[in-house]
Amino acid sequence: MPNEERRSRMSRPTGLLPERNSVNSYDALRDYLKKQKLPEFVLSFEQIEEIIDAALPRAAQRASWWETLRSPQERMPQREACLEAGYIATRLPDGRSVKFKKMPRDARRPRESGDP
């Protein structure tokens with residue numbers, strides 16, 4: 001039953017999710033973004049939570065939490081995940097979704113391991 005399967009994947013009770021390190025959660029977002037072919041797309045908070053298999057913190061509602069190029073000295077896991085995947089993230093005015101826009105290849109930040 002496809003609808004039941006889809007519903008069970010999308011509506012996981014928060015208390016039953018395994019506890020995860022937030023960096024690992026955002027690694028899943030990074031991996032998802034790396035697979036995308038579109039130069040620009042939007043994900044709702046619900047879709048992002050499904051990707052990272054965890055609830056976003058309340059701070060995610062603030063635009064500054066997502067602004068990839070704002071305060072680059074302040075390293076935050078969700079920003080690092082976007083940059084490593086080659087995307088700039090911007091929270092949209094609806095306060096419930098994020099626009100991801102592909103960065104030009106020469107503007108991407110290389111991984112700390114030295115990989116481009």
# chains A, B, ... in the order shown; residues from 1 in each chain; ligands from 1
>>> residues_around(residues="Trp65 in chain A", least_positions_apart="3", cutoff="9 Å", atoms="only C-alpha atoms", output="short mmCIF file (atom, residue, chain, number, x, y, z; two decimals) with C-alpha atoms, in the first residue's frame")
data_model
loop_
_atom_site.label_atom_id
_atom_site.label_comp_id
_atom_site.auth_asym_id
_atom_site.auth_seq_id
_atom_site.Cartn_x
_atom_site.Cartn_y
_atom_site.Cartn_z
CA ALA A 59 16.38 28.61 15.43
CA ALA A 60 15.81 27.31 11.87
CA GLN A 61 12.85 29.67 11.66
CA ARG A 62 15.27 32.62 11.68
CA THR A 68 25.09 30.48 4.05
CA ARG A 70 26.45 35.46 6.43
CA MET A 76 27.40 26.05 11.76
CA GLN A 78 23.73 23.28 8.39
CA ARG A 79 25.69 26.05 6.65
CA ARG A 91 15.11 30.89 4.19
#
>>> closest_residue(among="A:Thr90, A:Gln36, A:Ser97, A:Ser25", to="Trp66 in chain A", atoms="only C-alpha atoms")
A:Thr90
>>> closest_residue(among="A:Pro93, A:Leu83, A:Lys35, A:Leu29", to="Leu56 in chain A", atoms="only C-alpha atoms")
A:Leu29
>>> atom_distance(atom1="CA of Leu69 in chain A", atom2="CA of Ile88 in chain A")
7.3 Å
